[in-house]
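coords_21.cif (mmCIF, C-alpha atoms and all ligand atoms) appears below.
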data_data
#
loop_
_atom_site.group_PDB
_atom_site.id
_atom_site.type_symbol
_atom_site.label_atom_id
_atom_site.label_comp_id
_atom_site.auth_asym_id
_atom_site.auth_seq_id
_atom_site.Cartn_x
_atom_site.Cartn_y
_atom_site.Cartn_z
ATOM 1 C CA MET A 26 176.443 169.594 255.707
ATOM 2 C CA HIS A 27 176.420 172.910 253.799
ATOM 3 C CA LYS A 28 176.851 175.828 256.216
ATOM 4 C CA LEU A 29 175.127 178.186 253.745
ATOM 5 C CA TYR A 30 171.887 176.195 253.993
ATOM 6 C CA HIS A 31 172.071 175.529 257.736
ATOM 7 C CA GLU A 32 173.887 177.734 260.254
ATOM 8 C CA LEU A 33 174.281 180.572 257.718
ATOM 9 C CA ALA A 34 170.843 180.182 256.103
ATOM 10 C CA TYR A 35 169.691 183.394 257.825
ATOM 11 C CA LEU A 36 171.996 185.244 255.393
ATOM 12 C CA TRP A 37 170.300 183.823 252.277
ATOM 13 C CA PRO A 38 167.786 186.670 251.763
ATOM 14 C CA MET A 39 170.657 189.160 251.986
ATOM 15 C CA LEU A 40 173.176 187.300 249.809
ATOM 16 C CA SER A 41 170.811 186.202 247.074
ATOM 17 C CA PRO A 42 167.670 188.360 247.245
ATOM 18 C CA PRO A 43 164.344 187.422 245.599
ATOM 19 C CA GLU A 44 164.589 190.185 242.978
ATOM 20 C CA ASP A 45 167.715 188.520 241.531
ATOM 21 C CA TYR A 46 165.500 185.572 240.532
ATOM 22 C CA GLU A 47 162.917 187.534 238.591
ATOM 23 C CA PRO A 48 164.501 187.088 235.113
ATOM 24 C CA GLU A 49 164.762 183.346 235.657
ATOM 25 C CA ALA A 50 161.155 183.187 236.865
ATOM 26 C CA ILE A 51 160.088 185.050 233.697
ATOM 27 C CA ALA A 52 161.953 182.454 231.626
ATOM 28 C CA ILE A 53 160.288 179.609 233.542
ATOM 29 C CA GLN A 54 156.846 181.150 233.102
ATOM 30 C CA SER A 55 157.502 181.530 229.375
ATOM 31 C CA VAL A 56 158.592 177.880 229.062
ATOM 32 C CA ILE A 57 155.456 176.778 230.913
ATOM 33 C CA ASP A 58 153.221 178.911 228.679
ATOM 34 C CA ARG A 59 154.870 177.392 225.623
ATOM 35 C CA PHE A 60 155.057 173.706 226.565
ATOM 36 C CA LEU A 61 152.512 172.779 229.254
ATOM 37 C CA LYS A 62 150.066 170.237 227.848
ATOM 38 C CA SER A 63 148.316 168.989 230.989
ATOM 39 C CA ASP A 64 144.812 170.191 231.690
ATOM 40 C CA PRO A 65 144.904 171.810 235.138
ATOM 41 C CA GLN A 66 141.681 172.355 237.016
ATOM 42 C CA GLY A 67 142.257 175.795 238.562
ATOM 43 C CA LYS A 68 145.819 176.952 239.210
ATOM 44 C CA PRO A 69 148.403 174.475 237.822
ATOM 45 C CA LEU A 70 150.308 172.557 240.509
ATOM 46 C CA LEU A 71 154.032 173.349 240.535
ATOM 47 C CA ALA A 72 156.659 171.693 242.750
ATOM 48 C CA GLU A 73 160.191 173.036 242.991
ATOM 49 C CA MET A 74 162.800 170.503 244.103
ATOM 50 C CA GLY A 75 165.514 172.245 246.134
ATOM 51 C CA ALA A 76 163.396 175.381 246.454
ATOM 52 C CA GLY A 77 165.789 176.859 249.029
ATOM 53 C CA GLY A 78 164.648 180.229 250.328
ATOM 54 C CA GLY A 79 161.753 180.305 247.864
ATOM 55 C CA HIS A 80 163.189 183.259 245.963
ATOM 56 C CA THR A 81 162.317 181.786 242.569
ATOM 57 C CA LEU A 82 158.960 180.541 243.801
ATOM 58 C CA SER A 83 158.111 183.985 245.181
ATOM 59 C CA HIS A 84 157.650 185.099 241.543
ATOM 60 C CA LEU A 85 155.474 182.097 240.681
ATOM 61 C CA THR A 86 153.034 181.715 243.589
ATOM 62 C CA GLU A 87 150.519 184.079 242.012
ATOM 63 C CA SER A 88 150.102 181.858 238.936
ATOM 64 C CA PHE A 89 150.718 178.408 240.445
ATOM 65 C CA ASP A 90 149.741 176.330 243.434
ATOM 66 C CA CYS A 91 153.293 175.775 244.726
ATOM 67 C CA THR A 92 155.055 173.059 246.714
ATOM 68 C CA ALA A 93 158.597 173.771 247.929
ATOM 69 C CA VAL A 94 160.781 170.726 248.578
ATOM 70 C CA ASP A 95 164.183 171.085 250.230
ATOM 71 C CA ILE A 96 166.569 168.940 252.206
ATOM 72 C CA ALA A 97 167.505 171.790 254.597
ATOM 73 C CA ASP A 98 164.913 172.884 257.155
ATOM 74 C CA PRO A 99 166.426 176.372 257.736
ATOM 75 C CA MET A 100 165.952 177.109 254.026
ATOM 76 C CA LEU A 101 162.330 175.973 254.210
ATOM 77 C CA VAL A 102 161.827 178.375 257.126
ATOM 78 C CA ASN A 103 163.114 181.201 254.865
ATOM 79 C CA CYS A 104 160.836 179.940 252.116
ATOM 80 C CA SER A 105 157.718 180.076 254.295
ATOM 81 C CA LEU A 106 158.429 183.735 255.057
ATOM 82 C CA VAL A 107 158.519 184.799 251.391
ATOM 83 C CA CYS A 108 156.004 182.247 250.070
ATOM 84 C CA PRO A 109 153.432 181.875 252.864
ATOM 85 C CA ASP A 110 150.977 180.154 250.488
ATOM 86 C CA ALA A 111 153.404 177.448 249.356
ATOM 87 C CA VAL A 112 153.328 173.973 250.900
ATOM 88 C CA THR A 113 156.807 173.217 252.280
ATOM 89 C CA MET A 114 158.161 169.689 252.453
ATOM 90 C CA ASN A 115 161.488 168.410 253.775
ATOM 91 C CA GLY A 116 162.774 165.804 251.345
ATOM 92 C CA ASP A 117 165.486 164.689 248.998
ATOM 93 C CA MET A 118 164.680 165.358 245.344
ATOM 94 C CA ARG A 119 165.871 161.842 244.454
ATOM 95 C CA THR A 120 163.269 160.139 246.626
ATOM 96 C CA VAL A 121 160.631 162.570 247.902
ATOM 97 C CA ASP A 122 156.996 161.585 247.413
ATOM 98 C CA LEU A 123 154.914 164.684 246.666
ATOM 99 C CA GLY A 124 151.683 162.869 247.460
ATOM 100 C CA ARG A 125 149.910 164.044 244.306
ATOM 101 C CA LEU A 126 150.658 164.424 240.615
ATOM 102 C CA MET A 127 151.986 167.809 239.487
ATOM 103 C CA ASP A 128 151.504 169.847 236.317
ATOM 104 C CA ILE A 129 155.065 171.139 236.577
ATOM 105 C CA VAL A 130 158.178 170.020 238.437
ATOM 106 C CA LEU A 131 161.005 172.551 238.420
ATOM 107 C CA ILE A 132 164.590 171.726 239.363
ATOM 108 C CA HIS A 133 166.981 174.533 238.565
ATOM 109 C CA ASP A 134 170.004 175.630 240.634
ATOM 110 C CA ALA A 135 169.506 172.825 243.206
ATOM 111 C CA VAL A 136 170.085 170.171 240.555
ATOM 112 C CA ASP A 137 173.757 171.244 240.747
ATOM 113 C CA TYR A 138 173.907 169.123 243.915
ATOM 114 C CA MET A 139 173.425 165.928 241.933
ATOM 115 C CA GLN A 140 177.084 164.856 241.980
ATOM 116 C CA THR A 141 176.919 161.709 239.854
ATOM 117 C CA PRO A 142 174.959 160.540 236.803
ATOM 118 C CA GLU A 143 173.111 158.146 239.150
ATOM 119 C CA ASP A 144 172.012 161.061 241.368
ATOM 120 C CA ALA A 145 170.894 163.134 238.378
ATOM 121 C CA ARG A 146 168.938 160.253 236.890
ATOM 122 C CA ALA A 147 167.301 159.493 240.237
ATOM 123 C CA ALA A 148 166.151 163.127 240.559
ATOM 124 C CA ILE A 149 164.815 163.152 236.985
ATOM 125 C CA ASN A 150 163.034 159.800 237.337
ATOM 126 C CA ASN A 151 161.524 160.781 240.663
ATOM 127 C CA ALA A 152 160.215 164.050 239.211
ATOM 128 C CA ALA A 153 158.945 162.449 235.995
ATOM 129 C CA ARG A 154 156.950 159.776 237.810
ATOM 130 C CA GLN A 155 155.075 162.491 239.734
ATOM 131 C CA LEU A 156 153.900 164.429 236.659
ATOM 132 C CA LYS A 157 150.412 164.356 235.192
ATOM 133 C CA PRO A 158 150.145 163.302 231.553
ATOM 134 C CA GLY A 159 151.137 166.379 229.528
ATOM 135 C CA GLY A 160 152.949 167.774 232.597
ATOM 136 C CA LEU A 161 156.348 169.445 232.385
ATOM 137 C CA LEU A 162 159.715 168.773 233.943
ATOM 138 C CA ILE A 163 161.990 171.817 233.744
ATOM 139 C CA VAL A 164 165.651 171.156 234.564
ATOM 140 C CA ALA A 165 168.096 174.053 234.515
ATOM 141 C CA PRO A 166 171.532 173.416 236.031
ATOM 142 C CA THR A 167 173.712 176.467 236.638
ATOM 143 C CA TYR A 168 176.446 174.977 234.451
ATOM 144 C CA THR A 169 176.723 172.268 231.862
ATOM 145 C CA THR A 170 179.999 170.824 230.620
ATOM 146 C CA GLU A 171 179.596 173.143 227.635
ATOM 147 C CA SER A 172 179.045 176.341 229.633
ATOM 148 C CA PHE A 173 181.363 175.805 232.638
ATOM 149 C CA GLU A 174 184.306 178.194 232.976
ATOM 150 C CA ASP A 175 186.956 177.066 235.415
ATOM 151 C CA ASP A 176 188.373 179.287 238.160
ATOM 152 C CA GLN A 177 185.727 182.033 238.109
ATOM 153 C CA SER A 178 185.087 184.045 241.252
ATOM 154 C CA ILE A 179 182.735 186.743 242.445
ATOM 155 C CA SER A 180 182.990 189.015 245.476
ATOM 156 C CA ASP A 181 180.174 191.023 247.008
ATOM 157 C CA GLU A 182 179.432 193.076 250.084
ATOM 158 C CA HIS A 183 176.018 193.177 251.670
ATOM 159 C CA GLN A 184 174.884 195.285 254.553
ATOM 160 C CA ASP A 185 171.773 195.942 256.581
ATOM 161 C CA LYS A 186 171.326 197.794 259.879
ATOM 162 C CA GLN A 187 172.819 195.056 262.066
ATOM 163 C CA ILE A 188 175.150 193.044 259.917
ATOM 164 C CA LYS A 189 177.741 193.340 257.159
ATOM 165 C CA VAL A 190 178.772 190.349 255.039
ATOM 166 C CA ALA A 191 181.726 190.230 252.669
ATOM 167 C CA PHE A 192 181.192 187.189 250.472
ATOM 168 C CA THR A 193 183.484 185.520 247.929
ATOM 169 C CA SER A 194 182.579 182.509 245.850
ATOM 170 C CA LYS A 195 184.794 180.642 243.428
ATOM 171 C CA VAL A 196 184.087 177.684 241.150
ATOM 172 C CA ILE A 197 186.840 175.254 240.229
ATOM 173 C CA ARG A 198 186.913 172.030 238.273
ATOM 174 C CA VAL A 199 187.636 168.801 240.190
ATOM 175 C CA THR A 200 190.830 167.525 238.595
ATOM 176 C CA ASP A 201 190.195 163.795 238.913
ATOM 177 C CA ASN A 202 186.465 163.833 238.066
ATOM 178 C CA ARG A 203 185.269 165.470 234.845
ATOM 179 C CA ASN A 204 181.688 165.303 236.183
ATOM 180 C CA GLN A 205 182.229 167.533 239.206
ATOM 181 C CA PHE A 206 183.132 171.058 240.250
ATOM 182 C CA LEU A 207 183.614 172.722 243.626
ATOM 183 C CA MET A 208 182.060 175.940 244.823
ATOM 184 C CA GLN A 209 184.281 177.439 247.503
ATOM 185 C CA MET A 210 182.890 180.260 249.593
ATOM 186 C CA VAL A 211 184.263 182.625 252.219
ATOM 187 C CA PHE A 212 181.981 184.698 254.458
ATOM 188 C CA ASP A 213 183.276 187.516 256.660
ATOM 189 C CA ILE A 214 180.373 188.476 258.903
ATOM 190 C CA THR A 215 180.618 191.646 260.952
ATOM 191 C CA GLU A 216 178.117 192.175 263.759
ATOM 192 C CA ASP A 217 178.480 194.678 266.660
ATOM 193 C CA GLY A 218 182.025 195.462 265.527
ATOM 194 C CA ASN A 219 183.142 191.796 265.654
ATOM 195 C CA THR A 220 184.035 189.883 262.502
ATOM 196 C CA ALA A 221 183.725 186.108 262.183
ATOM 197 C CA SER A 222 184.962 184.215 259.130
ATOM 198 C CA TYR A 223 183.449 181.026 257.717
ATOM 199 C CA THR A 224 184.392 178.873 254.765
ATOM 200 C CA ASP A 225 182.058 176.495 252.976
ATOM 201 C CA GLU A 226 182.722 174.080 250.114
ATOM 202 C CA HIS A 227 179.985 172.534 247.954
ATOM 203 C CA ARG A 228 180.707 169.657 245.593
ATOM 204 C CA CYS A 229 178.460 169.758 242.540
ATOM 205 C CA GLY A 230 177.821 167.748 239.371
ATOM 206 C CA LEU A 231 178.782 168.808 235.855
ATOM 207 C CA PHE A 232 177.146 167.057 232.896
ATOM 208 C CA GLY A 233 176.722 167.674 229.200
ATOM 209 C CA GLU A 234 173.540 168.826 227.465
ATOM 210 C CA PHE A 235 173.390 165.507 225.671
ATOM 211 C CA GLU A 236 173.474 163.631 229.002
ATOM 212 C CA TRP A 237 170.685 165.711 230.574
ATOM 213 C CA LEU A 238 168.467 165.324 227.529
ATOM 214 C CA GLY A 239 169.213 161.577 227.341
ATOM 215 C CA TRP A 240 168.288 161.013 230.994
ATOM 216 C CA MET A 241 165.041 162.925 230.561
ATOM 217 C CA ARG A 242 164.223 160.884 227.451
ATOM 218 C CA GLU A 243 164.952 157.659 229.381
ATOM 219 C CA ALA A 244 162.434 158.850 231.992
ATOM 220 C CA GLY A 245 159.757 158.748 229.293
ATOM 221 C CA LEU A 246 159.660 162.464 228.479
ATOM 222 C CA LYS A 247 159.561 164.220 225.113
ATOM 223 C CA VAL A 248 162.487 166.620 225.445
ATOM 224 C CA HIS A 249 163.442 170.095 224.244
ATOM 225 C CA LEU A 250 166.537 172.208 224.803
ATOM 226 C CA VAL A 251 165.418 175.781 225.387
ATOM 227 C CA ASP A 252 167.958 178.552 225.007
ATOM 228 C CA GLU A 253 166.012 181.477 223.657
ATOM 229 C CA ILE A 254 163.396 183.310 225.617
ATOM 230 C CA GLU A 255 161.972 186.212 223.654
ATOM 231 C CA GLU A 256 160.724 187.997 226.762
ATOM 232 C CA LEU A 257 164.246 188.198 228.180
ATOM 233 C CA ASP A 258 165.925 190.130 225.335
ATOM 234 C CA ASP A 259 169.653 189.837 225.990
ATOM 235 C CA MET A 260 169.458 187.683 229.095
ATOM 236 C CA PRO A 261 170.405 184.086 228.287
ATOM 237 C CA TRP A 262 168.550 181.225 229.951
ATOM 238 C CA HIS A 263 169.332 177.615 229.166
ATOM 239 C CA GLY A 264 167.203 174.770 230.317
ATOM 240 C CA PHE A 265 165.877 171.352 229.471
ATOM 241 C CA VAL A 266 162.173 170.749 229.194
ATOM 242 C CA GLY A 267 160.502 167.332 229.177
ATOM 243 C CA ILE A 268 156.823 166.740 228.477
ATOM 244 C CA LYS A 269 155.249 163.596 229.931
HETATM 245 C C1 LIG A 301 170.994 177.463 245.612
HETATM 246 S S1 LIG A 301 169.849 176.871 246.754
HETATM 247 C C2 LIG A 301 168.290 177.099 245.944
HETATM 248 C C3 LIG A 301 167.853 178.500 245.930
HETATM 249 C C4 LIG A 301 166.468 178.697 245.401
HETATM 250 N N1 LIG A 301 166.421 178.598 243.943
HETATM 251 C C5 LIG A 301 165.827 179.981 245.851
HETATM 252 O O1 LIG A 301 165.040 180.517 245.066
HETATM 253 O O2 LIG A 301 166.065 180.439 246.979
HETATM 254 C C6 LIG A 301 170.025 175.117 246.585
HETATM 255 C C7 LIG A 301 169.112 174.335 247.512
HETATM 256 O O3 LIG A 301 169.167 172.948 247.142
HETATM 257 C C8 LIG A 301 168.949 172.216 248.324
HETATM 258 N N2 LIG A 301 169.344 170.813 248.085
HETATM 259 C C9 LIG A 301 170.592 170.304 247.912
HETATM 260 N N3 LIG A 301 170.543 168.979 247.709
HETATM 261 C C10 LIG A 301 169.224 168.644 247.725
HETATM 262 C C11 LIG A 301 168.521 167.408 247.572
HETATM 263 N N4 LIG A 301 169.181 166.259 247.352
HETATM 264 N N5 LIG A 301 167.169 167.412 247.641
HETATM 265 C C12 LIG A 301 166.497 168.571 247.902
HETATM 266 N N6 LIG A 301 167.115 169.770 248.065
HETATM 267 C C13 LIG A 301 168.450 169.806 247.972
HETATM 268 C C14 LIG A 301 169.777 172.944 249.351
HETATM 269 O O4 LIG A 301 169.387 172.616 250.669
HETATM 270 C C15 LIG A 301 169.515 174.397 248.959
HETATM 271 O O5 LIG A 301 168.481 174.957 249.717
#
Mind turning the file's structure into structure tokens?
Amino acid sequence: MHKLYHELAYLWPMLSPPEDYEPEAIAIQSVIDRFLKSDPQGKPLLAEMGAGGGHTLSHLTESFDCTAVDIADPMLVNCSLVCPDAVTMNGDMRTVDLGRLMDIVLIHDAVDYMQTPEDARAAINNAARQLKPGGLLIVAPTYTTESFEDDQSISDEHQDKQIKVAFTSKVIRVTDNRNQFLMQMVFDITEDGNTASYTDEHRCGLFGEFEWLGWMREAGLKVHLVDEIEELDDMPWHGFVGIK
């Protein structure tokens, strides 16, 4: 079980605040404006698989009727605080039944947790089957085989009135599996003068652009690789879009 999404989930708004997700939300909105072909009655229905703390969704709830799916209840609690209008649903993106067809299904950073081609295909197939005709599946992993850089780390310090968190995260390739990488994190949390240290390791999938596009095509979608978003100037955003 990932500590970051369970016992340390209360830190999520501090470590990865909603404003950090605004450029990506602008990219997603632009992709939707460009490719959506369904005919929504009222606000289009958008489900995010692995919506976490709802930080991406918080920039989309004004334009879309949002459903947040996540496998970790503490993250859904965070999500409800920043996206009070979104429907929250505990479920696994590979199997969850949304109960109605969507105009858009979004799976971005959470798709990293699909560790094998079978997992990734299951998530894509499950999303595709729950789209309206003309609906969009947007898949945007943090890394592809082409973009991954081994042994990269970041360190940050975050502080509010009660708590200080020194956070380090490192990504490394798994030596005996070309389709996986590890994200290794260290948290030093200081509260009332006492510091507690936690480590957390997440095993994630790493697949090529060709594989992602192939799986989306197999799911019956007409696919596009999007890597230029005019609205974002210099900020790169890479994602895969499939139209049902
Ligand atoms: C990096 S966080 C997502 C953050 C989110 N984009 C936000 O705006 O706050 C990744 C999320 O994926 C969720 N997750 C991992 N595996 C999952 C699965 N199989 N099905 C659904 N959610 C999953 C985790 O619980 C976690 O909340």
Suppose you want the space between CA of Leu250 (chain A) and CA of Phe265 (chain A); what is it in Å?
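Calculated distance between CA of Leu250 (chain A) and CA of Phe265 (chain A) is 4.8 Å.
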Which one is closest to Asp128 (chain A): A:Asp217, A:Asp64, A:Glu32, A:Asp144? Count only C-alpha atoms.
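Selected residue with least distance to Asp128 (chain A): A:Asp64.
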Given all atoms listed in the file as the counted atoms, nearest of A:Leu82, A:Lys68, A:Lys195, A:Pro43 to Glu174 (chain A):
A:Lys195
At a cut-off of 9 Å, can you tabulate as a tab-separated table every residue of chain A near ligand LIG 301 (chain A) together with its closest atom pair and the distance in Å to one decimal, using only C-alpha atoms and all ligand atoms and ordering rows by chain then number?
residue	atom	partner	partner_atom	distance
A:His27	CA	A:LIG301	O4	7.7
A:Leu29	CA	A:LIG301	C15	8.3
A:Tyr30	CA	A:LIG301	O4	5.5
A:His31	CA	A:LIG301	O4	8.1
A:Ala34	CA	A:LIG301	O5	8.6
A:Trp37	CA	A:LIG301	O2	7.6
A:Pro38	CA	A:LIG301	O2	8.0
A:Ser41	CA	A:LIG301	O2	7.5
A:Pro42	CA	A:LIG301	O2	8.1
A:Pro43	CA	A:LIG301	O1	7.0
A:Tyr46	CA	A:LIG301	O1	6.8
A:Glu73	CA	A:LIG301	N1	8.4
A:Met74	CA	A:LIG301	C12	5.6
A:Gly75	CA	A:LIG301	N6	3.5
A:Ala76	CA	A:LIG301	C4	4.6
A:Gly77	CA	A:LIG301	O5	3.4
A:Gly78	CA	A:LIG301	O2	3.6
A:Gly79	CA	A:LIG301	O1	4.3
A:His80	CA	A:LIG301	O1	3.4
A:Thr81	CA	A:LIG301	O1	3.9
A:Leu82	CA	A:LIG301	O1	6.2
A:Ser83	CA	A:LIG301	O1	7.7
A:Val94	CA	A:LIG301	C12	6.1
A:Asp95	CA	A:LIG301	N6	3.9
A:Ile96	CA	A:LIG301	N6	4.3
A:Ala97	CA	A:LIG301	O4	4.4
A:Asp98	CA	A:LIG301	O4	7.9
A:Pro99	CA	A:LIG301	O5	8.4
A:Met100	CA	A:LIG301	O5	5.4
A:Leu101	CA	A:LIG301	O5	7.7
A:Asn103	CA	A:LIG301	O2	8.5
A:Cys104	CA	A:LIG301	O2	7.3
A:Asn115	CA	A:LIG301	C12	7.7
A:Gly116	CA	A:LIG301	C12	5.8
A:Asp117	CA	A:LIG301	N5	3.5
A:Met118	CA	A:LIG301	N5	4.0
A:Arg119	CA	A:LIG301	N4	6.2
A:Thr120	CA	A:LIG301	N5	8.3
A:Val121	CA	A:LIG301	N5	8.1
A:Ile132	CA	A:LIG301	N1	8.5
A:His133	CA	A:LIG301	N1	6.8
A:Asp134	CA	A:LIG301	C1	5.4
A:Ala135	CA	A:LIG301	O3	4.0
A:Val136	CA	A:LIG301	O3	7.2
A:Asp137	CA	A:LIG301	C9	7.9
A:Tyr138	CA	A:LIG301	N3	5.1
A:Met139	CA	A:LIG301	N4	6.9
A:Asp144	CA	A:LIG301	N4	8.4
A:Ala148	CA	A:LIG301	N4	8.1
For the file shown, what are the residues hit by the PyMOL selection byres (((chain A and resi 69-72) around 10) and not hetatm), laid out as number ranges by chain?
A: 61, 63-68, 73-76, 82, 85-86, 88-94, 111-113, 123, 125-132, 152, 155-157, 160-162
Given the file shown, enumerate the residues that the PyMOL selection byres (((chain A and resi 197-209) around 9) and not hetatm) captures and present them as a list in words.
Gln140, Thr141, Pro142, Thr170, Phe173, Glu174, Asp175, Asp176, Gln177, Thr193, Ser194, Lys195, Val196, Met210, Val211, Thr224, Asp225, Glu226, His227, Arg228, Cys229, Gly230, Leu231, Phe232 and Gly233 of chain A
Just checking: using only C-alpha atoms, which residue out of A:Phe60, A:Phe235, A:Ala191, A:Asn150 ends up closest to Tyr223 (chain A)?
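Closest residue, counting only C-alpha atoms: A:Ala191.
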Which residue is closest to Pro158 (chain A)? Choose from A:Asp45, A:Lys247, A:Glu143, A:Val56 and count all atoms listed in the file.
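Counting all atoms listed in the file, the residue closest to Pro158 (chain A) is A:Lys247.
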Identify the residues around (177.9, 188.5, 256.3) within a radius of 12 Å, measuring from all atoms listed in the file in the coordinates stated by the file, and give them as an MDAnalysis selection string.
chainID A and resid 29 33:41 180:193 210:216 219:224
Separation of CA of Met114 (chain A) and CA of Glu234 (chain A), in Å?
29.4 Å
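In this structure, CA of Met26 (chain A) sits 17.1 Å away from CA of Val102 (chain A).
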Taking all atoms listed in the file into account, name the residue in A:Arg146, A:His263, A:Lys62, A:Lys269 that is nearest to Val248 (chain A).
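Of the candidates, the smallest distance to Val248 (chain A) is held by A:Lys269.
Residue nearest Trp237 (chain A), chosen from A:Arg154, A:Gly159, A:Ser178, A:Ala147 and counting only C-alpha atoms: A:Ala147.
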